[in-house]
$ cat target18.pdb   # PDB, N, CA and C atoms
ATOM      1  N   MET A1303     -20.261 -28.452 -23.382
ATOM      2  CA  MET A1303     -20.501 -29.851 -23.098
ATOM      3  C   MET A1303     -20.327 -30.141 -21.614
ATOM      4  N   THR A1304     -19.291 -29.549 -21.020
ATOM      5  CA  THR A1304     -19.033 -29.785 -19.598
ATOM      6  C   THR A1304     -20.164 -29.238 -18.736
ATOM      7  N   SER A1305     -20.689 -28.069 -19.104
ATOM      8  CA  SER A1305     -21.763 -27.486 -18.299
ATOM      9  C   SER A1305     -23.037 -28.328 -18.384
ATOM     10  N   ILE A1306     -23.263 -28.973 -19.512
ATOM     11  CA  ILE A1306     -24.429 -29.842 -19.650
ATOM     12  C   ILE A1306     -24.284 -31.057 -18.734
ATOM     13  N   LEU A1307     -23.087 -31.631 -18.696
ATOM     14  CA  LEU A1307     -22.860 -32.784 -17.823
ATOM     15  C   LEU A1307     -22.963 -32.385 -16.356
ATOM     16  N   THR A1308     -22.485 -31.200 -16.026
ATOM     17  CA  THR A1308     -22.602 -30.723 -14.652
ATOM     18  C   THR A1308     -24.062 -30.533 -14.275
ATOM     19  N   LEU A1309     -24.836 -29.974 -15.178
ATOM     20  CA  LEU A1309     -26.261 -29.773 -14.919
ATOM     21  C   LEU A1309     -26.972 -31.101 -14.726
ATOM     22  N   LEU A1310     -26.676 -32.086 -15.560
ATOM     23  CA  LEU A1310     -27.299 -33.398 -15.426
ATOM     24  C   LEU A1310     -26.922 -34.062 -14.103
ATOM     25  N   ARG A1311     -25.709 -33.811 -13.637
ATOM     26  CA  ARG A1311     -25.279 -34.388 -12.369
ATOM     27  C   ARG A1311     -25.998 -33.733 -11.190
ATOM     28  N   LEU A1312     -26.331 -32.450 -11.318
ATOM     29  CA  LEU A1312     -26.969 -31.730 -10.220
ATOM     30  C   LEU A1312     -28.475 -31.951 -10.141
ATOM     31  N   LEU A1313     -29.091 -32.405 -11.220
ATOM     32  CA  LEU A1313     -30.548 -32.560 -11.217
ATOM     33  C   LEU A1313     -31.068 -33.491 -10.127
ATOM     34  N   PRO A1314     -30.502 -34.694  -9.937
ATOM     35  CA  PRO A1314     -31.075 -35.579  -8.926
ATOM     36  C   PRO A1314     -30.674 -35.217  -7.492
ATOM     37  N   MET A1315     -29.834 -34.222  -7.285
ATOM     38  CA  MET A1315     -29.385 -33.862  -5.946
ATOM     39  C   MET A1315     -30.450 -33.087  -5.194
ATOM     40  N   THR A1316     -30.505 -33.318  -3.899
ATOM     41  CA  THR A1316     -31.414 -32.531  -3.068
ATOM     42  C   THR A1316     -30.756 -31.187  -2.766
ATOM     43  N   ASP A1317     -31.544 -30.283  -2.228
ATOM     44  CA  ASP A1317     -31.014 -28.952  -1.924
ATOM     45  C   ASP A1317     -29.903 -29.016  -0.879
ATOM     46  N   GLY A1318     -30.000 -29.927   0.055
ATOM     47  CA  GLY A1318     -28.972 -30.058   1.082
ATOM     48  C   GLY A1318     -27.634 -30.455   0.489
ATOM     49  N   TYR A1319     -27.656 -31.396  -0.440
ATOM     50  CA  TYR A1319     -26.416 -31.815  -1.091
ATOM     51  C   TYR A1319     -25.837 -30.689  -1.944
ATOM     52  N   LYS A1320     -26.710 -29.959  -2.615
ATOM     53  CA  LYS A1320     -26.237 -28.833  -3.428
ATOM     54  C   LYS A1320     -25.599 -27.759  -2.552
ATOM     55  N   ASP A1321     -26.243 -27.464  -1.413
ATOM     56  CA  ASP A1321     -25.686 -26.463  -0.501
ATOM     57  C   ASP A1321     -24.334 -26.905   0.043
ATOM     58  N   ALA A1322     -24.208 -28.180   0.367
ATOM     59  CA  ALA A1322     -22.943 -28.704   0.878
ATOM     60  C   ALA A1322     -21.852 -28.601  -0.189
ATOM     61  N   GLU A1323     -22.200 -28.899  -1.437
ATOM     62  CA  GLU A1323     -21.209 -28.807  -2.513
ATOM     63  C   GLU A1323     -20.811 -27.358  -2.750
ATOM     64  N   ILE A1324     -21.754 -26.448  -2.687
ATOM     65  CA  ILE A1324     -21.447 -25.027  -2.867
ATOM     66  C   ILE A1324     -20.506 -24.549  -1.764
ATOM     67  N   LEU A1325     -20.769 -24.961  -0.518
ATOM     68  CA  LEU A1325     -19.895 -24.566   0.582
ATOM     69  C   LEU A1325     -18.488 -25.133   0.404
ATOM     70  N   ALA A1326     -18.387 -26.367  -0.056
ATOM     71  CA  ALA A1326     -17.080 -26.976  -0.279
ATOM     72  C   ALA A1326     -16.333 -26.246  -1.387
ATOM     73  N   LEU A1327     -17.035 -25.886  -2.461
ATOM     74  CA  LEU A1327     -16.392 -25.168  -3.566
ATOM     75  C   LEU A1327     -15.969 -23.768  -3.151
ATOM     76  N   ARG A1328     -16.783 -23.114  -2.332
ATOM     77  CA  ARG A1328     -16.404 -21.786  -1.841
ATOM     78  C   ARG A1328     -15.159 -21.868  -0.970
ATOM     79  N   ASN A1329     -15.071 -22.921  -0.160
ATOM     80  CA  ASN A1329     -13.902 -23.104   0.684
ATOM     81  C   ASN A1329     -12.653 -23.328  -0.169
ATOM     82  N   GLN A1330     -12.774 -24.136  -1.206
ATOM     83  CA  GLN A1330     -11.641 -24.380  -2.098
ATOM     84  C   GLN A1330     -11.223 -23.099  -2.809
ATOM     85  N   LEU A1331     -12.196 -22.312  -3.247
ATOM     86  CA  LEU A1331     -11.903 -21.056  -3.931
ATOM     87  C   LEU A1331     -11.199 -20.083  -3.001
ATOM     88  N   ALA A1332     -11.661 -19.990  -1.759
ATOM     89  CA  ALA A1332     -11.027 -19.093  -0.795
ATOM     90  C   ALA A1332      -9.592 -19.531  -0.522
ATOM     91  N   ALA A1333      -9.357 -20.828  -0.445
ATOM     92  CA  ALA A1333      -7.999 -21.328  -0.208
ATOM     93  C   ALA A1333      -7.096 -21.003  -1.391
ATOM     94  N   LEU A1334      -7.606 -21.153  -2.601
ATOM     95  CA  LEU A1334      -6.803 -20.851  -3.785
ATOM     96  C   LEU A1334      -6.533 -19.359  -3.911
ATOM     97  N   GLN A1335      -7.505 -18.536  -3.592
ATOM     98  CA  GLN A1335      -7.302 -17.098  -3.687
ATOM     99  C   GLN A1335      -6.272 -16.632  -2.674
ATOM    100  N   GLY A1336      -6.191 -17.285  -1.542
ATOM    101  CA  GLY A1336      -5.185 -16.939  -0.549
ATOM    102  C   GLY A1336      -3.783 -17.234  -1.036
ATOM    103  N   LYS A1337      -3.635 -18.227  -1.895
ATOM    104  CA  LYS A1337      -2.328 -18.598  -2.416
ATOM    105  C   LYS A1337      -1.905 -17.726  -3.585
ATOM    106  N   LEU A1338      -2.836 -17.011  -4.201
ATOM    107  CA  LEU A1338      -2.538 -16.253  -5.408
ATOM    108  C   LEU A1338      -2.340 -14.765  -5.169
ATOM    109  N   ASP A1339      -2.193 -14.359  -3.908
ATOM    110  CA  ASP A1339      -1.975 -12.946  -3.641
ATOM    111  C   ASP A1339      -0.649 -12.497  -4.244
ATOM    112  N   LYS A1340      -0.633 -11.262  -4.716
ATOM    113  CA  LYS A1340       0.589 -10.721  -5.309
ATOM    114  C   LYS A1340       1.614 -10.465  -4.206
ATOM    115  N   PRO A1341       2.866 -10.755  -4.479
ATOM    116  CA  PRO A1341       3.891 -10.466  -3.480
ATOM    117  C   PRO A1341       4.117  -8.966  -3.374
ATOM    118  N   THR A1342       4.456  -8.517  -2.193
ATOM    119  CA  THR A1342       4.755  -7.097  -2.034
ATOM    120  C   THR A1342       6.225  -6.875  -2.386
ATOM    121  N   LEU A1343       6.458  -5.863  -3.184
ATOM    122  CA  LEU A1343       7.809  -5.563  -3.638
ATOM    123  C   LEU A1343       8.442  -4.528  -2.715
ATOM    124  N   THR A1344       9.688  -4.759  -2.368
ATOM    125  CA  THR A1344      10.438  -3.791  -1.576
ATOM    126  C   THR A1344      11.105  -2.794  -2.521
ATOM    127  N   TRP A1345      11.672  -1.728  -1.977
ATOM    128  CA  TRP A1345      12.283  -0.725  -2.860
ATOM    129  C   TRP A1345      13.462  -1.295  -3.638
ATOM    130  N   PRO A1346      14.287  -2.210  -3.077
ATOM    131  CA  PRO A1346      15.343  -2.787  -3.927
ATOM    132  C   PRO A1346      14.770  -3.616  -5.089
ATOM    133  N   ASP A1347      13.659  -4.305  -4.833
ATOM    134  CA  ASP A1347      13.023  -5.062  -5.919
ATOM    135  C   ASP A1347      12.572  -4.122  -7.031
ATOM    136  N   ARG A1348      11.961  -3.012  -6.635
ATOM    137  CA  ARG A1348      11.473  -2.043  -7.623
ATOM    138  C   ARG A1348      12.632  -1.416  -8.402
ATOM    139  N   ALA A1349      13.733  -1.138  -7.710
ATOM    140  CA  ALA A1349      14.903  -0.554  -8.381
ATOM    141  C   ALA A1349      15.476  -1.534  -9.399
ATOM    142  N   LEU A1350      15.546  -2.798  -9.035
ATOM    143  CA  LEU A1350      16.066  -3.804  -9.952
ATOM    144  C   LEU A1350      15.153  -3.954 -11.167
ATOM    145  N   LEU A1351      13.849  -3.950 -10.942
ATOM    146  CA  LEU A1351      12.916  -4.026 -12.072
ATOM    147  C   LEU A1351      13.051  -2.816 -12.989
ATOM    148  N   ALA A1352      13.274  -1.631 -12.407
ATOM    149  CA  ALA A1352      13.441  -0.429 -13.218
ATOM    150  C   ALA A1352      14.683  -0.526 -14.090
ATOM    151  N   VAL A1353      15.746  -1.096 -13.534
ATOM    152  CA  VAL A1353      16.982  -1.258 -14.309
ATOM    153  C   VAL A1353      16.751  -2.228 -15.456
ATOM    154  N   PHE A1354      16.046  -3.314 -15.178
ATOM    155  CA  PHE A1354      15.770  -4.300 -16.234
ATOM    156  C   PHE A1354      14.857  -3.755 -17.317
ATOM    157  N   GLN A1355      13.952  -2.861 -16.957
ATOM    158  CA  GLN A1355      13.024  -2.299 -17.943
ATOM    159  C   GLN A1355      13.716  -1.302 -18.859
ATOM    160  N   GLN A1356      14.812  -0.720 -18.429
ATOM    161  CA  GLN A1356      15.523   0.243 -19.266
ATOM    162  C   GLN A1356      16.159  -0.407 -20.471
ATOM    163  N   GLY A1357      16.551  -1.624 -20.351
ATOM    164  CA  GLY A1357      17.189  -2.311 -21.474
ATOM    165  C   GLY A1357      18.692  -2.139 -21.452
ATOM    166  N   PRO A1358      19.372  -2.757 -22.415
ATOM    167  CA  PRO A1358      20.852  -2.720 -22.423
ATOM    168  C   PRO A1358      21.418  -1.351 -22.778
ATOM    169  N   ASP A1359      20.658  -0.493 -23.469
ATOM    170  CA  ASP A1359      21.158   0.820 -23.878
ATOM    171  C   ASP A1359      21.047   1.857 -22.764
ATOM    172  N   GLY A1360      20.263   1.561 -21.725
ATOM    173  CA  GLY A1360      20.061   2.506 -20.643
ATOM    174  C   GLY A1360      19.079   3.606 -20.965
ATOM    175  N   GLU A1361      18.260   3.380 -21.943
ATOM    176  CA  GLU A1361      17.276   4.405 -22.360
ATOM    177  C   GLU A1361      16.024   4.328 -21.541
TER     178      GLU A1361
END
$ encode --input "target18.pdb" --output "structure tokens"
Amino acid sequence: MTSILTLLRLLPMTDGYKDAEILALRNQLAALQGKLDKPTLTWPDRALLAVFQQGPDGE
């Protein structure tokens, strides 16, 4: 349903407006992808995660 409404909204737009909207959406996507990078783990972080993964029995 949402894609149908989006399509109906884009029909009366000229190519210039569509290009401008695409550029704006690409900019927003690039900004969001920059915020979602995985953190780099240091060796103490990895050691702590390994201890937690072993469980309470140490297995």
$ atom_distance --input "target18.pdb" --atom1 "atom C of A:Gly1318" --atom2 "atom C of A:Lys1337"
29.0 Å
$ atom_distance --input "target18.pdb" --atom1 "atom N of A:Thr1308" --atom2 "atom N of A:Asp1321"
15.5 Å
$ atom_distance --input "target18.pdb" --atom1 "atom N of A:Glu1323" --atom2 "atom CA of A:Arg1311"
12.6 Å
$ axis_aligned_box --input "target18.pdb" --around "stretch 1318-1333 of chain A" --padding-each-side "8 Å" --output "lines of an AutoDock Vina configuration file"
center_x = -18.5
center_y = -25.5
center_z = -1.4
size_x = 38.9
size_y = 28.7
size_z = 21.0
$ build_atoms --input "target18.pdb" --residues "stretch 1323-1334 of chain A" --atoms "all heavy atoms" --output "PDB file, keeping the file's coordinate frame"
ATOM      1  N   GLU A1323     -22.200 -28.899  -1.437  1.00  0.00           N
ATOM      2  CA  GLU A1323     -21.209 -28.807  -2.513  1.00  0.00           C
ATOM      3  C   GLU A1323     -20.811 -27.358  -2.750  1.00  0.00           C
ATOM      4  O   GLU A1323     -19.638 -27.055  -2.972  1.00  0.00           O
ATOM      5  CB  GLU A1323     -21.753 -29.424  -3.803  1.00  0.00           C
ATOM      6  CG  GLU A1323     -20.717 -29.482  -4.897  1.00  0.00           C
ATOM      7  CD  GLU A1323     -21.130 -30.326  -6.084  1.00  0.00           C
ATOM      8  OE1 GLU A1323     -22.211 -30.930  -6.059  1.00  0.00           O
ATOM      9  OE2 GLU A1323     -20.347 -30.376  -7.043  1.00  0.00           O
ATOM     10  N   ILE A1324     -21.754 -26.448  -2.687  1.00  0.00           N
ATOM     11  CA  ILE A1324     -21.447 -25.027  -2.867  1.00  0.00           C
ATOM     12  C   ILE A1324     -20.506 -24.549  -1.764  1.00  0.00           C
ATOM     13  O   ILE A1324     -19.541 -23.826  -2.019  1.00  0.00           O
ATOM     14  CB  ILE A1324     -22.739 -24.192  -2.903  1.00  0.00           C
ATOM     15  CG1 ILE A1324     -23.484 -24.452  -4.214  1.00  0.00           C
ATOM     16  CG2 ILE A1324     -22.448 -22.712  -2.730  1.00  0.00           C
ATOM     17  CD1 ILE A1324     -24.866 -23.851  -4.275  1.00  0.00           C
ATOM     18  N   LEU A1325     -20.769 -24.961  -0.518  1.00  0.00           N
ATOM     19  CA  LEU A1325     -19.895 -24.566   0.582  1.00  0.00           C
ATOM     20  C   LEU A1325     -18.488 -25.133   0.404  1.00  0.00           C
ATOM     21  O   LEU A1325     -17.491 -24.449   0.666  1.00  0.00           O
ATOM     22  CB  LEU A1325     -20.480 -25.030   1.920  1.00  0.00           C
ATOM     23  CG  LEU A1325     -21.705 -24.255   2.403  1.00  0.00           C
ATOM     24  CD1 LEU A1325     -22.267 -24.895   3.662  1.00  0.00           C
ATOM     25  CD2 LEU A1325     -21.354 -22.809   2.655  1.00  0.00           C
ATOM     26  N   ALA A1326     -18.387 -26.367  -0.056  1.00  0.00           N
ATOM     27  CA  ALA A1326     -17.080 -26.976  -0.279  1.00  0.00           C
ATOM     28  C   ALA A1326     -16.333 -26.246  -1.387  1.00  0.00           C
ATOM     29  O   ALA A1326     -15.123 -25.981  -1.271  1.00  0.00           O
ATOM     30  CB  ALA A1326     -17.241 -28.449  -0.618  1.00  0.00           C
ATOM     31  N   LEU A1327     -17.035 -25.886  -2.461  1.00  0.00           N
ATOM     32  CA  LEU A1327     -16.392 -25.168  -3.566  1.00  0.00           C
ATOM     33  C   LEU A1327     -15.969 -23.768  -3.151  1.00  0.00           C
ATOM     34  O   LEU A1327     -14.908 -23.281  -3.559  1.00  0.00           O
ATOM     35  CB  LEU A1327     -17.327 -25.115  -4.773  1.00  0.00           C
ATOM     36  CG  LEU A1327     -17.558 -26.451  -5.468  1.00  0.00           C
ATOM     37  CD1 LEU A1327     -18.635 -26.305  -6.539  1.00  0.00           C
ATOM     38  CD2 LEU A1327     -16.281 -26.992  -6.060  1.00  0.00           C
ATOM     39  N   ARG A1328     -16.783 -23.114  -2.332  1.00  0.00           N
ATOM     40  CA  ARG A1328     -16.404 -21.786  -1.841  1.00  0.00           C
ATOM     41  C   ARG A1328     -15.159 -21.868  -0.970  1.00  0.00           C
ATOM     42  O   ARG A1328     -14.295 -20.998  -1.018  1.00  0.00           O
ATOM     43  CB  ARG A1328     -17.551 -21.166  -1.046  1.00  0.00           C
ATOM     44  CG  ARG A1328     -18.663 -20.641  -1.898  1.00  0.00           C
ATOM     45  CD  ARG A1328     -19.707 -19.955  -1.067  1.00  0.00           C
ATOM     46  NE  ARG A1328     -20.794 -19.491  -1.892  1.00  0.00           N
ATOM     47  CZ  ARG A1328     -21.912 -18.979  -1.422  1.00  0.00           C
ATOM     48  NH1 ARG A1328     -22.091 -18.883  -0.117  1.00  0.00           N
ATOM     49  NH2 ARG A1328     -22.852 -18.574  -2.239  1.00  0.00           N
ATOM     50  N   ASN A1329     -15.071 -22.921  -0.160  1.00  0.00           N
ATOM     51  CA  ASN A1329     -13.902 -23.104   0.684  1.00  0.00           C
ATOM     52  C   ASN A1329     -12.653 -23.328  -0.169  1.00  0.00           C
ATOM     53  O   ASN A1329     -11.592 -22.758   0.100  1.00  0.00           O
ATOM     54  CB  ASN A1329     -14.128 -24.285   1.626  1.00  0.00           C
ATOM     55  CG  ASN A1329     -13.010 -24.436   2.630  1.00  0.00           C
ATOM     56  OD1 ASN A1329     -12.305 -23.481   2.906  1.00  0.00           O
ATOM     57  ND2 ASN A1329     -12.846 -25.621   3.178  1.00  0.00           N
ATOM     58  N   GLN A1330     -12.774 -24.136  -1.206  1.00  0.00           N
ATOM     59  CA  GLN A1330     -11.641 -24.380  -2.098  1.00  0.00           C
ATOM     60  C   GLN A1330     -11.223 -23.099  -2.809  1.00  0.00           C
ATOM     61  O   GLN A1330     -10.032 -22.812  -2.961  1.00  0.00           O
ATOM     62  CB  GLN A1330     -11.996 -25.449  -3.133  1.00  0.00           C
ATOM     63  CG  GLN A1330     -12.107 -26.834  -2.559  1.00  0.00           C
ATOM     64  CD  GLN A1330     -12.557 -27.845  -3.606  1.00  0.00           C
ATOM     65  OE1 GLN A1330     -12.806 -27.498  -4.754  1.00  0.00           O
ATOM     66  NE2 GLN A1330     -12.665 -29.095  -3.196  1.00  0.00           N
ATOM     67  N   LEU A1331     -12.196 -22.312  -3.247  1.00  0.00           N
ATOM     68  CA  LEU A1331     -11.903 -21.056  -3.931  1.00  0.00           C
ATOM     69  C   LEU A1331     -11.199 -20.083  -3.001  1.00  0.00           C
ATOM     70  O   LEU A1331     -10.223 -19.428  -3.390  1.00  0.00           O
ATOM     71  CB  LEU A1331     -13.197 -20.439  -4.466  1.00  0.00           C
ATOM     72  CG  LEU A1331     -13.066 -19.144  -5.241  1.00  0.00           C
ATOM     73  CD1 LEU A1331     -12.219 -19.349  -6.482  1.00  0.00           C
ATOM     74  CD2 LEU A1331     -14.440 -18.633  -5.620  1.00  0.00           C
ATOM     75  N   ALA A1332     -11.661 -19.990  -1.759  1.00  0.00           N
ATOM     76  CA  ALA A1332     -11.027 -19.093  -0.795  1.00  0.00           C
ATOM     77  C   ALA A1332      -9.592 -19.531  -0.522  1.00  0.00           C
ATOM     78  O   ALA A1332      -8.694 -18.692  -0.401  1.00  0.00           O
ATOM     79  CB  ALA A1332     -11.826 -19.067   0.501  1.00  0.00           C
ATOM     80  N   ALA A1333      -9.357 -20.828  -0.445  1.00  0.00           N
ATOM     81  CA  ALA A1333      -7.999 -21.328  -0.208  1.00  0.00           C
ATOM     82  C   ALA A1333      -7.096 -21.003  -1.391  1.00  0.00           C
ATOM     83  O   ALA A1333      -5.943 -20.594  -1.208  1.00  0.00           O
ATOM     84  CB  ALA A1333      -8.029 -22.832   0.048  1.00  0.00           C
ATOM     85  N   LEU A1334      -7.606 -21.153  -2.601  1.00  0.00           N
ATOM     86  CA  LEU A1334      -6.803 -20.851  -3.785  1.00  0.00           C
ATOM     87  C   LEU A1334      -6.533 -19.359  -3.911  1.00  0.00           C
ATOM     88  O   LEU A1334      -5.448 -18.954  -4.309  1.00  0.00           O
ATOM     89  CB  LEU A1334      -7.495 -21.366  -5.045  1.00  0.00           C
ATOM     90  CG  LEU A1334      -7.505 -22.878  -5.220  1.00  0.00           C
ATOM     91  CD1 LEU A1334      -8.336 -23.264  -6.428  1.00  0.00           C
ATOM     92  CD2 LEU A1334      -6.091 -23.407  -5.354  1.00  0.00           C
TER      93      LEU A1334
END
